[in-house]
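Student: Provided herewith: structure.txt, compact mmCIF, C-alpha atoms.
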# COMPACT_ATOMS: atom_id res chain seq x y z
CA MET A 20 34.91 -8.82 -7.93
CA LEU A 21 38.02 -10.82 -7.03
CA ILE A 22 40.16 -7.65 -7.02
CA ALA A 23 37.62 -5.76 -4.88
CA GLY A 24 37.54 -8.66 -2.39
CA MET A 25 41.34 -8.84 -2.22
CA ALA A 26 41.65 -5.06 -1.83
CA LEU A 27 39.04 -4.88 0.91
CA GLY A 28 40.34 -7.93 2.82
CA LEU A 29 43.91 -6.68 2.72
CA TYR A 30 42.96 -3.13 3.73
CA VAL A 31 40.98 -4.38 6.73
CA LEU A 32 43.97 -6.52 7.73
CA ARG A 33 46.38 -3.59 7.38
CA LEU A 34 44.06 -1.25 9.27
CA SER A 35 43.27 -3.65 12.13
CA GLY A 36 46.63 -3.13 13.84
CA PHE A 37 46.19 0.65 13.70
CA LEU A 38 42.69 0.37 15.20
CA LEU A 39 43.83 -1.87 18.05
CA VAL A 40 46.25 0.78 19.27
CA ASP A 41 43.82 2.18 21.87
CA VAL A 42 43.24 -1.22 23.47
CA ARG A 43 44.90 -1.42 26.90
CA LEU A 44 47.70 -4.01 26.83
CA SER A 45 49.53 -5.81 29.60
CA PRO A 46 53.09 -4.60 30.43
CA ALA A 47 54.51 -7.90 29.13
CA PHE A 48 52.73 -7.42 25.78
CA GLU A 49 54.00 -3.80 25.64
CA ARG A 50 57.56 -5.10 26.22
CA GLY A 51 57.05 -7.64 23.48
CA LEU A 52 55.88 -4.96 21.04
CA ARG A 53 59.21 -3.17 21.47
CA PHE A 54 60.90 -6.23 20.00
CA VAL A 55 58.53 -6.49 17.02
CA PRO A 56 60.80 -4.46 14.67
CA VAL A 57 63.85 -6.68 15.31
CA ALA A 58 61.77 -9.87 15.16
CA ALA A 59 59.90 -8.73 12.04
CA LEU A 60 63.04 -7.80 10.14
CA ALA A 61 64.76 -11.08 11.07
CA ALA A 62 61.65 -13.02 10.02
CA LEU A 63 61.47 -11.16 6.68
CA VAL A 64 65.16 -11.85 6.00
CA ALA A 65 64.62 -15.54 6.79
CA ALA A 66 61.57 -15.63 4.49
CA GLY A 67 63.81 -14.15 1.77
CA LEU A 68 65.96 -17.28 1.87
CA GLY A 69 63.24 -19.11 -0.03
CA ALA A 70 61.14 -22.12 0.83
CA THR A 71 63.24 -24.81 -0.85
CA PRO A 72 66.80 -26.00 -0.08
CA GLN A 73 67.75 -25.23 -3.71
CA ASP A 74 66.73 -21.58 -3.25
CA ALA A 75 68.46 -21.33 0.11
CA ALA A 76 71.72 -22.82 -1.23
CA VAL A 77 72.29 -19.77 -3.45
CA ARG A 78 70.51 -17.15 -1.36
CA ALA A 79 72.11 -17.99 1.99
CA PRO A 80 75.69 -17.09 0.93
CA ALA A 81 74.39 -13.90 -0.73
CA LEU A 82 72.49 -12.88 2.40
CA ALA A 83 75.46 -13.82 4.61
CA ALA A 84 77.73 -11.61 2.49
CA GLY A 85 75.16 -8.79 2.67
CA GLY A 86 74.91 -9.23 6.44
CA LEU A 87 78.68 -9.00 6.88
CA LEU A 88 78.82 -5.88 4.71
CA ALA A 89 75.87 -4.31 6.59
CA TRP A 90 77.57 -5.01 9.92
CA ARG A 91 80.96 -3.71 8.74
CA PHE A 92 79.96 -0.62 6.72
CA ARG A 93 76.45 0.29 7.98
CA ARG A 94 75.48 1.43 4.48
CA PRO A 95 72.35 -0.14 2.90
CA TRP A 96 73.59 0.19 -0.67
CA VAL A 97 76.87 -1.62 0.17
CA CYS A 98 74.84 -4.48 1.65
CA VAL A 99 72.48 -4.65 -1.35
CA LEU A 100 75.18 -4.42 -4.03
CA GLY A 101 77.45 -6.91 -2.27
CA GLY A 102 74.64 -9.41 -1.68
CA VAL A 103 73.27 -9.19 -5.22
CA GLY A 104 76.84 -9.42 -6.58
CA VAL A 105 77.47 -12.68 -4.71
CA TYR A 106 74.08 -14.03 -5.87
CA VAL A 107 74.79 -13.24 -9.54
CA LEU A 108 78.30 -14.68 -9.26
CA LEU A 109 77.05 -17.93 -7.72
CA GLY A 110 74.29 -18.13 -10.33
CA ALA A 111 76.92 -17.84 -13.08
CA LEU A 112 79.27 -20.39 -11.47
CA TYR A 113 76.55 -22.93 -10.64
CA PRO A 114 73.76 -22.43 -13.22
CA ALA A 115 72.05 -25.68 -12.20
CA THR A 116 71.13 -24.18 -8.78
CA MET B 23 60.86 38.47 15.65
CA ALA B 24 62.49 36.38 13.02
CA ASP B 25 62.50 33.43 15.44
CA ASN B 26 58.80 33.92 16.10
CA ALA B 27 58.14 33.86 12.39
CA THR B 28 60.15 30.72 11.66
CA THR B 29 59.27 28.48 14.62
CA PRO B 30 55.68 27.64 13.62
CA SER B 31 56.62 26.92 10.01
CA SER B 32 59.45 24.60 11.05
CA THR B 33 56.98 22.72 13.27
CA VAL B 34 54.58 22.37 10.35
CA THR B 35 57.21 21.13 7.90
CA ALA B 36 58.66 18.50 10.24
CA PRO B 37 56.22 15.73 9.21
CA GLU B 38 56.73 16.69 5.56
CA ALA B 39 60.49 16.37 5.97
CA THR B 40 60.03 12.97 7.63
CA PHE B 41 57.68 11.95 4.79
CA ALA B 42 60.36 12.97 2.27
CA GLN B 43 63.00 11.02 4.22
CA GLY B 44 60.84 7.91 4.08
CA PHE B 45 60.08 8.44 0.38
CA LEU B 46 63.76 8.88 -0.55
CA ALA B 47 64.97 6.05 1.69
CA MET B 48 62.67 3.71 -0.24
CA LEU B 49 64.18 4.57 -3.64
CA PRO B 50 66.92 1.86 -3.48
CA LEU B 51 64.12 -0.70 -3.07
CA TRP B 52 62.69 0.42 -6.40
CA ALA B 53 65.56 -1.63 -7.88
CA GLY B 54 63.65 -4.65 -6.62
CA ALA B 55 60.08 -3.36 -6.90
CA ILE B 56 60.18 -2.30 -10.55
CA PRO B 57 61.60 -5.56 -11.99
CA VAL B 58 59.25 -7.66 -9.82
CA GLY B 59 56.39 -5.35 -10.90
CA ILE B 60 57.41 -5.97 -14.50
CA ALA B 61 57.43 -9.72 -13.82
CA PHE B 62 53.94 -9.44 -12.33
CA GLY B 63 52.67 -7.49 -15.36
CA VAL B 64 54.10 -10.04 -17.77
CA ALA B 65 52.76 -12.99 -15.74
CA ALA B 66 49.32 -11.38 -15.39
CA VAL B 67 48.96 -10.94 -19.14
CA SER B 68 50.17 -14.46 -19.92
CA SER B 69 47.78 -15.94 -17.31
CA GLY B 70 44.82 -14.24 -18.99
CA LEU B 71 44.12 -11.76 -16.20
CA GLY B 72 44.07 -8.82 -18.62
CA PRO B 73 45.98 -5.52 -18.50
CA VAL B 74 43.23 -3.42 -16.88
CA ALA B 75 42.64 -5.99 -14.12
CA ALA B 76 46.40 -6.38 -13.56
CA GLN B 77 46.96 -2.64 -13.19
CA ALA B 78 43.84 -2.32 -11.00
CA MET B 79 45.26 -5.04 -8.76
CA SER B 80 48.50 -3.08 -8.31
CA LEU B 81 46.55 0.13 -7.68
CA PHE B 82 44.06 -1.26 -5.15
CA VAL B 83 45.57 -4.43 -3.66
CA PHE B 84 49.23 -3.32 -3.64
CA SER B 85 50.87 -6.50 -2.39
CA ALA B 86 53.56 -8.19 -4.49
CA ALA B 87 53.34 -11.55 -2.71
CA ALA B 88 49.54 -11.71 -2.88
CA GLN B 89 49.35 -10.53 -6.49
CA LEU B 90 51.99 -12.94 -7.79
CA SER B 91 50.34 -15.82 -5.96
CA VAL B 92 46.92 -14.90 -7.29
CA VAL B 93 48.22 -14.80 -10.86
CA ALA B 94 49.51 -18.35 -10.41
CA LEU B 95 46.21 -19.44 -8.87
CA VAL B 96 44.12 -17.78 -11.59
CA ALA B 97 46.27 -19.46 -14.24
CA GLY B 98 45.65 -22.77 -12.48
CA GLY B 99 41.88 -22.19 -12.49
CA SER B 100 41.36 -21.91 -8.72
CA PRO B 101 37.95 -20.86 -7.36
CA ALA B 102 37.74 -17.21 -6.18
CA LEU B 103 37.83 -18.10 -2.48
CA VAL B 104 41.36 -19.54 -2.73
CA PRO B 105 43.06 -16.31 -3.94
CA LEU B 106 41.15 -14.33 -1.28
CA LEU B 107 42.33 -16.64 1.51
CA THR B 108 45.87 -16.63 0.10
CA THR B 109 45.92 -12.82 0.16
CA VAL B 110 44.97 -12.78 3.83
CA LEU B 111 47.38 -15.57 4.81
CA LEU B 112 50.32 -13.95 3.03
CA ASN B 113 49.72 -10.64 4.80
CA VAL B 114 48.44 -11.65 8.22
CA HIS B 115 51.61 -10.25 9.85
CA MET B 116 50.48 -6.74 8.80
CA LEU B 117 48.27 -6.76 11.89
CA LEU B 118 51.36 -6.86 14.11
CA PHE B 119 53.25 -4.29 11.98
CA GLY B 120 50.30 -1.86 12.14
CA LEU B 121 50.00 -2.30 15.88
CA ALA B 122 53.73 -1.68 16.42
CA ALA B 123 53.70 1.40 14.16
CA ALA B 124 50.57 2.89 15.71
CA ARG B 125 51.85 2.16 19.23
CA ALA B 126 55.07 4.04 18.48
CA ALA B 127 53.41 7.06 16.87
CA ARG B 128 49.84 7.34 18.25
CA PRO B 129 48.44 8.82 15.03
CA ARG B 130 45.06 10.47 14.41
CA ARG B 131 42.26 8.37 12.90
CA GLY B 132 42.59 9.87 9.40
CA MET B 133 46.34 9.31 9.39
CA ARG B 134 45.84 5.70 10.52
CA MET B 135 43.38 5.02 7.71
CA LEU B 136 45.65 6.57 5.09
CA THR B 137 48.88 4.96 6.30
CA ALA B 138 47.24 1.54 6.61
CA PHE B 139 46.67 1.40 2.85
CA PHE B 140 50.39 1.89 2.15
CA LEU B 141 51.66 -0.51 4.85
CA THR B 142 54.01 -3.10 3.37
CA ASP B 143 57.02 -5.08 4.62
CA GLY B 144 59.38 -2.74 2.79
CA ALA B 145 57.73 0.44 4.06
CA PHE B 146 57.83 -0.83 7.65
CA ALA B 147 61.53 -1.73 7.37
CA VAL B 148 62.51 1.51 5.64
CA ALA B 149 60.61 3.62 8.20
CA LEU B 150 62.56 1.83 10.93
CA GLY B 151 65.78 2.65 9.12
CA VAL B 152 64.91 6.36 8.94
CA GLY B 153 64.94 6.54 12.73
CA ARG B 154 62.34 6.16 15.46
CA LEU B 155 59.27 4.60 13.81
CA ALA B 156 57.28 7.66 12.64
CA LEU B 157 54.01 7.59 10.70
CA PRO B 158 55.04 10.24 8.12
CA ALA B 159 58.17 8.20 7.33
CA LEU B 160 56.06 5.04 7.02
CA LEU B 161 53.61 6.86 4.76
CA GLY B 162 56.42 8.36 2.64
CA ALA B 163 58.09 4.97 2.23
CA GLY B 164 54.74 3.36 1.40
CA VAL B 165 53.81 5.98 -1.22
CA SER B 166 57.27 5.62 -2.76
CA MET B 167 56.91 1.83 -2.99
CA TYR B 168 53.37 2.26 -4.39
CA LEU B 169 54.74 4.41 -7.22
CA GLY B 170 57.60 2.01 -7.97
CA TRP B 171 55.31 -1.02 -7.91
CA ASN B 172 52.73 0.56 -10.23
CA ILE B 173 55.37 1.85 -12.63
CA GLY B 174 56.84 -1.67 -12.75
CA THR B 175 53.42 -3.22 -13.40
CA ALA B 176 52.69 -0.74 -16.20
CA LEU B 177 56.08 -1.46 -17.80
CA GLY B 178 55.43 -5.21 -17.57
CA LEU B 179 52.07 -4.77 -19.29
CA LEU B 180 53.66 -2.67 -22.03
CA LEU B 181 56.71 -4.88 -22.57
CA GLY B 182 54.83 -8.17 -22.45
CA ASP B 183 57.08 -11.19 -22.61
CA THR B 184 59.93 -9.42 -24.41
CA ILE B 185 62.09 -9.48 -21.26
CA SER B 186 63.75 -12.47 -19.67
CA ASN B 187 63.32 -13.64 -16.08
CA PRO B 188 64.45 -10.76 -13.80
CA ARG B 189 65.02 -13.17 -10.90
CA ARG B 190 68.30 -14.22 -12.53
CA ALA B 191 69.68 -10.74 -11.81
CA GLY B 192 68.90 -11.19 -8.12
CA VAL B 193 66.25 -8.44 -8.01
CA ASP B 194 64.07 -10.40 -5.60
CA LEU B 195 66.99 -10.42 -3.15
CA VAL B 196 67.07 -6.61 -2.95
CA ALA B 197 64.25 -6.44 -0.38
CA PRO B 198 65.68 -9.07 2.04
CA LEU B 199 69.09 -7.39 1.76
CA MET B 200 67.55 -4.01 2.59
CA PHE B 201 65.81 -5.59 5.59
CA LEU B 202 69.19 -6.98 6.66
CA ALA B 203 70.82 -3.55 6.30
CA VAL B 204 68.14 -2.03 8.57
CA LEU B 205 68.31 -4.94 11.03
CA ALA B 206 72.11 -4.86 11.56
CA PRO B 207 72.25 -1.57 13.54
CA LEU B 208 69.27 -2.65 15.68
CA LEU B 209 71.20 -5.64 17.05
CA ARG B 210 72.65 -3.65 19.95
CA GLY B 211 72.83 -6.39 22.58
CA TRP B 212 72.18 -10.05 23.33
CA PRO B 213 68.39 -9.64 23.86
CA GLU B 214 67.95 -8.24 20.35
CA LEU B 215 70.31 -10.86 18.90
CA LEU B 216 68.44 -13.67 20.66
CA CYS B 217 65.06 -12.34 19.44
CA ALA B 218 66.35 -12.03 15.88
CA LEU B 219 67.79 -15.57 15.85
CA LEU B 220 64.61 -17.08 17.28
CA ALA B 221 62.42 -15.12 14.85
CA ALA B 222 64.53 -16.19 11.87
CA GLY B 223 64.70 -19.84 13.00
CA THR B 224 60.97 -20.04 13.62
CA THR B 225 60.19 -18.47 10.24
CA LEU B 226 62.44 -20.96 8.43
CA CYS B 227 60.81 -23.92 10.21
CA VAL B 228 57.22 -22.73 9.64
CA LEU B 229 57.96 -21.81 6.01
CA GLN B 230 58.31 -25.52 5.21
CA TRP B 231 54.57 -26.07 5.78
CA LEU B 232 52.72 -22.74 5.79
CA PRO B 233 52.49 -19.65 3.51
CA GLY B 234 55.00 -16.80 3.88
CA GLY B 235 52.70 -14.45 5.81
CA LEU B 236 51.97 -17.01 8.49
CA ALA B 237 55.65 -17.95 8.71
CA VAL B 238 56.62 -14.29 9.18
CA LEU B 239 53.87 -13.87 11.77
CA ALA B 240 55.08 -16.95 13.66
CA GLY B 241 58.65 -15.62 13.57
CA CYS B 242 57.51 -12.19 14.77
CA LEU B 243 55.55 -13.72 17.63
CA ALA B 244 58.41 -16.03 18.65
CA GLY B 245 60.93 -13.16 18.64
CA SER B 246 58.77 -10.58 20.38
CA LEU B 247 57.42 -13.04 22.98
CA THR B 248 61.04 -13.90 23.79
CA GLY B 249 61.72 -10.19 24.19
CA ALA B 250 58.73 -9.86 26.51
CA ALA B 251 59.97 -12.75 28.65
CA LEU B 252 63.50 -11.39 29.03
CA PRO B 253 64.40 -9.46 32.21
CA VAL B 254 63.95 -5.68 31.84
CA ARG B 255 67.22 -3.80 31.44
CA GLY B 256 68.25 -1.94 34.59
CA ALA B 257 65.83 -3.89 36.76
CA ARG B 258 67.19 -5.85 39.73
Please rewrite the model in this file as structure tokens.

Tutor:
Amino acid sequence: MLIAGMALGLYVLRLSGFLLVDVRLSPAFERGLRFVPVAALAALVAAGLGATPQDAAVRAPALAAGGLLAWRFRRPWVCVLGGVGVYVLLGALYPAT
Amino acid sequence: MADNATTPSSTVTAPEATFAQGFLAMLPLWAGAIPVGIAFGVAAVSSGLGPVAAQAMSLFVFSAAAQLSVVALVAGGSPALVPLLTTVLLNVHMLLFGLAAARAARPRRGMRMLTAFFLTDGAFAVALGVGRLALPALLGAGVSMYLGWNIGTALGLLLGDTISNPRRAGVDLVAPLMFLAVLAPLLRGWPELLCALLAAGTTLCVLQWLPGGLAVLAGCLAGSLTGAALPVRGAR
């Protein structure tokens, strides 16, 4: 019952945006929608930092390194490997964090 | 004659090729999805959820954040309403993602209903990375993530607690790093940079008090409303 409720609630939520597509929107809202991808990705990266300062202390340098590599090389795998590498290295150097 | 014969077929295969692009582009994220899926499977069993219920959750709910939270809540003995509300709150930003995707692609009703099921943060980001936001790419990326997530869950249920904490290997950083890799080329000018900074800052602030989905939604709204308020390029 719990799983059915979760599945239904989440599906309705996921579908609602697709169903609202035919609603007429103001030009300002349309302009705002064009920025949703950039805003969404930035928000998701920020959420990936973690909710606590302890999490962020290790994750921020890893994400910063990944960001630099993404900007310099424009290759997703370079960004991912570099970021995870920094994270693992920091975890080994400072196990308490 | 040969041109006449090939043109229709190339038109028909275009969405399939885009689907395949989305599917393949998602594969690097499996490196994060499978270990986290394993962690979910292990946690679900140890919380008393049961293997059939855990796999059913991955098959029908398909949301890592919601599922992991629910396992913790079930283990803590929460009433059923709390996990349901948590699921909605952690995914409320999907409304905005669906709207943006549908606005860019204008899909048919059947395609909307199918794609909606597979809409996740990762699929949205990967579809953006493939090129102009296209529904087949979003669907391909979503199906790919669905497979990875369910394989991970099944492995977790099979392996039980024989594996150590996968977070130590940084697997839960793979998704944010992929998002970053997709975001970097989109930052083409100061309006995009300003939107990204405001979205990230707002998310970090809101995350201190509210669940992840609401924080991401607040960040999305802050960034996109800023974009809407900025002067239009080329306008005097």

Student: Contacts of segment 20-28 of chain A at 9 Å or less, counting all atoms listed in the file, minus same-chain residues fewer than 4 places along, as a VMD selection string?

Tutor: (chain A and resid 32 to 33) or (chain B and resid 75 78 to 79 82 to 84 88 102 to 103 105 to 107 109 to 110)

Student: For the residues in the current selection, export C-alpha atoms as a short mmCIF file (atom, residue, chain, number, x, y, z; two decimals), in the frame of the given file.

Tutor:
data_model
loop_
_atom_site.label_atom_id
_atom_site.label_comp_id
_atom_site.auth_asym_id
_atom_site.auth_seq_id
_atom_site.Cartn_x
_atom_site.Cartn_y
_atom_site.Cartn_z
CA LEU A 32 43.97 -6.52 7.73
CA ARG A 33 46.38 -3.59 7.38
CA ALA B 75 42.64 -5.99 -14.12
CA ALA B 78 43.84 -2.32 -11.00
CA MET B 79 45.26 -5.04 -8.76
CA PHE B 82 44.06 -1.26 -5.15
CA VAL B 83 45.57 -4.43 -3.66
CA PHE B 84 49.23 -3.32 -3.64
CA ALA B 88 49.54 -11.71 -2.88
CA ALA B 102 37.74 -17.21 -6.18
CA LEU B 103 37.83 -18.10 -2.48
CA PRO B 105 43.06 -16.31 -3.94
CA LEU B 106 41.15 -14.33 -1.28
CA LEU B 107 42.33 -16.64 1.51
CA THR B 109 45.92 -12.82 0.16
CA VAL B 110 44.97 -12.78 3.83
#

Student: For Ala156 of chain B, work out the shell of residues within 9 Å, counting all atoms listed in the file and skipping chain neighbours fewer than 4 positions away, then give it as an MDAnalysis selection string.

Tutor: chainID B and resid 37 40:41 123:124 126:127 149:150 152 160:161

Student: One number please: atom CA of Leu112 of chain B to atom CA of Asp74 of chain A, in Å, one decimal.

Tutor: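 Computing the Euclidean distance for atom CA of Leu112 of chain B and atom CA of Asp74 of chain A yields 19.2 Å.
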
Student: What's the 9 Å shell around Asp143 of chain B, counting only C-alpha atoms, without same-chain residues fewer than 6 positions away, as a list in words?

Tutor: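 So, after excluding close chain neighbours, the residues are Ala59, Leu60 and Leu63 of chain A; Met116, Phe119, Ala197 and Phe201 of chain B.
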
Student: Emit the selected residues as a CSV table (one decimal), in the coordinates of the input, including C-alpha atoms.

Tutor:
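Printed below is selection_26.csv as written:
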chain,number,residue,atom,x,y,z
A,59,ALA,CA,59.9,-8.7,12.0
A,60,LEU,CA,63.0,-7.8,10.1
A,63,LEU,CA,61.5,-11.2,6.7
B,116,MET,CA,50.5,-6.7,8.8
B,119,PHE,CA,53.2,-4.3,12.0
B,197,ALA,CA,64.2,-6.4,-0.4
B,201,PHE,CA,65.8,-5.6,5.6

Student: Find the residues of chain B in contact range of chain A, meaning any atom within 7 Å when counting only C-alpha atoms, and list them as number ranges by chain.

Tutor: B: 79, 82-83, 102, 106, 109-110, 114, 116-122, 124-125, 134-135, 138-139, 141, 147, 191-192, 195-196, 198-203, 205-206, 208, 214, 217-218, 221-222, 225-226, 229-230, 234, 238, 241-242, 245-247, 249-250

Student: Go ahead and write the residues just picked, C-alpha atoms, as a PDB file, keeping the file's coordinate frame.

Tutor:
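Output file selection-v8.pdb follows:
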ATOM      1  CA  MET B  79      45.260  -5.040  -8.760  1.00  0.00           C
ATOM      2  CA  PHE B  82      44.060  -1.260  -5.150  1.00  0.00           C
ATOM      3  CA  VAL B  83      45.570  -4.430  -3.660  1.00  0.00           C
ATOM      4  CA  ALA B 102      37.740 -17.210  -6.180  1.00  0.00           C
ATOM      5  CA  LEU B 106      41.150 -14.330  -1.280  1.00  0.00           C
ATOM      6  CA  THR B 109      45.920 -12.820   0.160  1.00  0.00           C
ATOM      7  CA  VAL B 110      44.970 -12.780   3.830  1.00  0.00           C
ATOM      8  CA  VAL B 114      48.440 -11.650   8.220  1.00  0.00           C
ATOM      9  CA  MET B 116      50.480  -6.740   8.800  1.00  0.00           C
ATOM     10  CA  LEU B 117      48.270  -6.760  11.890  1.00  0.00           C
ATOM     11  CA  LEU B 118      51.360  -6.860  14.110  1.00  0.00           C
ATOM     12  CA  PHE B 119      53.250  -4.290  11.980  1.00  0.00           C
ATOM     13  CA  GLY B 120      50.300  -1.860  12.140  1.00  0.00           C
ATOM     14  CA  LEU B 121      50.000  -2.300  15.880  1.00  0.00           C
ATOM     15  CA  ALA B 122      53.730  -1.680  16.420  1.00  0.00           C
ATOM     16  CA  ALA B 124      50.570   2.890  15.710  1.00  0.00           C
ATOM     17  CA  ARG B 125      51.850   2.160  19.230  1.00  0.00           C
ATOM     18  CA  ARG B 134      45.840   5.700  10.520  1.00  0.00           C
ATOM     19  CA  MET B 135      43.380   5.020   7.710  1.00  0.00           C
ATOM     20  CA  ALA B 138      47.240   1.540   6.610  1.00  0.00           C
ATOM     21  CA  PHE B 139      46.670   1.400   2.850  1.00  0.00           C
ATOM     22  CA  LEU B 141      51.660  -0.510   4.850  1.00  0.00           C
ATOM     23  CA  ALA B 147      61.530  -1.730   7.370  1.00  0.00           C
ATOM     24  CA  ALA B 191      69.680 -10.740 -11.810  1.00  0.00           C
ATOM     25  CA  GLY B 192      68.900 -11.190  -8.120  1.00  0.00           C
ATOM     26  CA  LEU B 195      66.990 -10.420  -3.150  1.00  0.00           C
ATOM     27  CA  VAL B 196      67.070  -6.610  -2.950  1.00  0.00           C
ATOM     28  CA  PRO B 198      65.680  -9.070   2.040  1.00  0.00           C
ATOM     29  CA  LEU B 199      69.090  -7.390   1.760  1.00  0.00           C
ATOM     30  CA  MET B 200      67.550  -4.010   2.590  1.00  0.00           C
ATOM     31  CA  PHE B 201      65.810  -5.590   5.590  1.00  0.00           C
ATOM     32  CA  LEU B 202      69.190  -6.980   6.660  1.00  0.00           C
ATOM     33  CA  ALA B 203      70.820  -3.550   6.300  1.00  0.00           C
ATOM     34  CA  LEU B 205      68.310  -4.940  11.030  1.00  0.00           C
ATOM     35  CA  ALA B 206      72.110  -4.860  11.560  1.00  0.00           C
ATOM     36  CA  LEU B 208      69.270  -2.650  15.680  1.00  0.00           C
ATOM     37  CA  GLU B 214      67.950  -8.240  20.350  1.00  0.00           C
ATOM     38  CA  CYS B 217      65.060 -12.340  19.440  1.00  0.00           C
ATOM     39  CA  ALA B 218      66.350 -12.030  15.880  1.00  0.00           C
ATOM     40  CA  ALA B 221      62.420 -15.120  14.850  1.00  0.00           C
ATOM     41  CA  ALA B 222      64.530 -16.190  11.870  1.00  0.00           C
ATOM     42  CA  THR B 225      60.190 -18.470  10.240  1.00  0.00           C
ATOM     43  CA  LEU B 226      62.440 -20.960   8.430  1.00  0.00           C
ATOM     44  CA  LEU B 229      57.960 -21.810   6.010  1.00  0.00           C
ATOM     45  CA  GLN B 230      58.310 -25.520   5.210  1.00  0.00           C
ATOM     46  CA  GLY B 234      55.000 -16.800   3.880  1.00  0.00           C
ATOM     47  CA  VAL B 238      56.620 -14.290   9.180  1.00  0.00           C
ATOM     48  CA  GLY B 241      58.650 -15.620  13.570  1.00  0.00           C
ATOM     49  CA  CYS B 242      57.510 -12.190  14.770  1.00  0.00           C
ATOM     50  CA  GLY B 245      60.930 -13.160  18.640  1.00  0.00           C
ATOM     51  CA  SER B 246      58.770 -10.580  20.380  1.00  0.00           C
ATOM     52  CA  LEU B 247      57.420 -13.040  22.980  1.00  0.00           C
ATOM     53  CA  GLY B 249      61.720 -10.190  24.190  1.00  0.00           C
ATOM     54  CA  ALA B 250      58.730  -9.860  26.510  1.00  0.00           C
TER      55      ALA B 250
END

Student: Report, in Å with one decimal, the straight-line distance from atom CA of Val165 of chain B to atom CA of Ala87 of chain B.

Tutor: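 Computing it gives 17.6 Å between the two atoms.
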
Student: Take atom CA of Gln73 of chain A and atom CA of Trp231 of chain B and report the distance between them in Å, one decimal.

Tutor: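 Taking atom CA of Gln73 of chain A as the start and atom CA of Trp231 of chain B as the end point, the length is 16.3 Å.
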
Student: Could you pull the residues within 10 Å of Ile173 of chain B, counting all atoms listed in the file, minus those fewer than 6 positions along the same chain, as a list in words?

Tutor: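 My reading of the contact set: Trp52, Ala55, Ile56, Pro57, Gly59, Ile60, Gln77, Ser80, Met167 and Leu179 of chain B.
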
Student: Between B:Leu181, B:Ala244, B:Leu216, B:Leu239, which has the minimum distance to Pro73 of chain B (counting only C-alpha atoms)?

Tutor: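 Comparing B:Leu181, B:Ala244, B:Leu216, B:Leu239 against Pro73 of chain B, the winner is B:Leu181.
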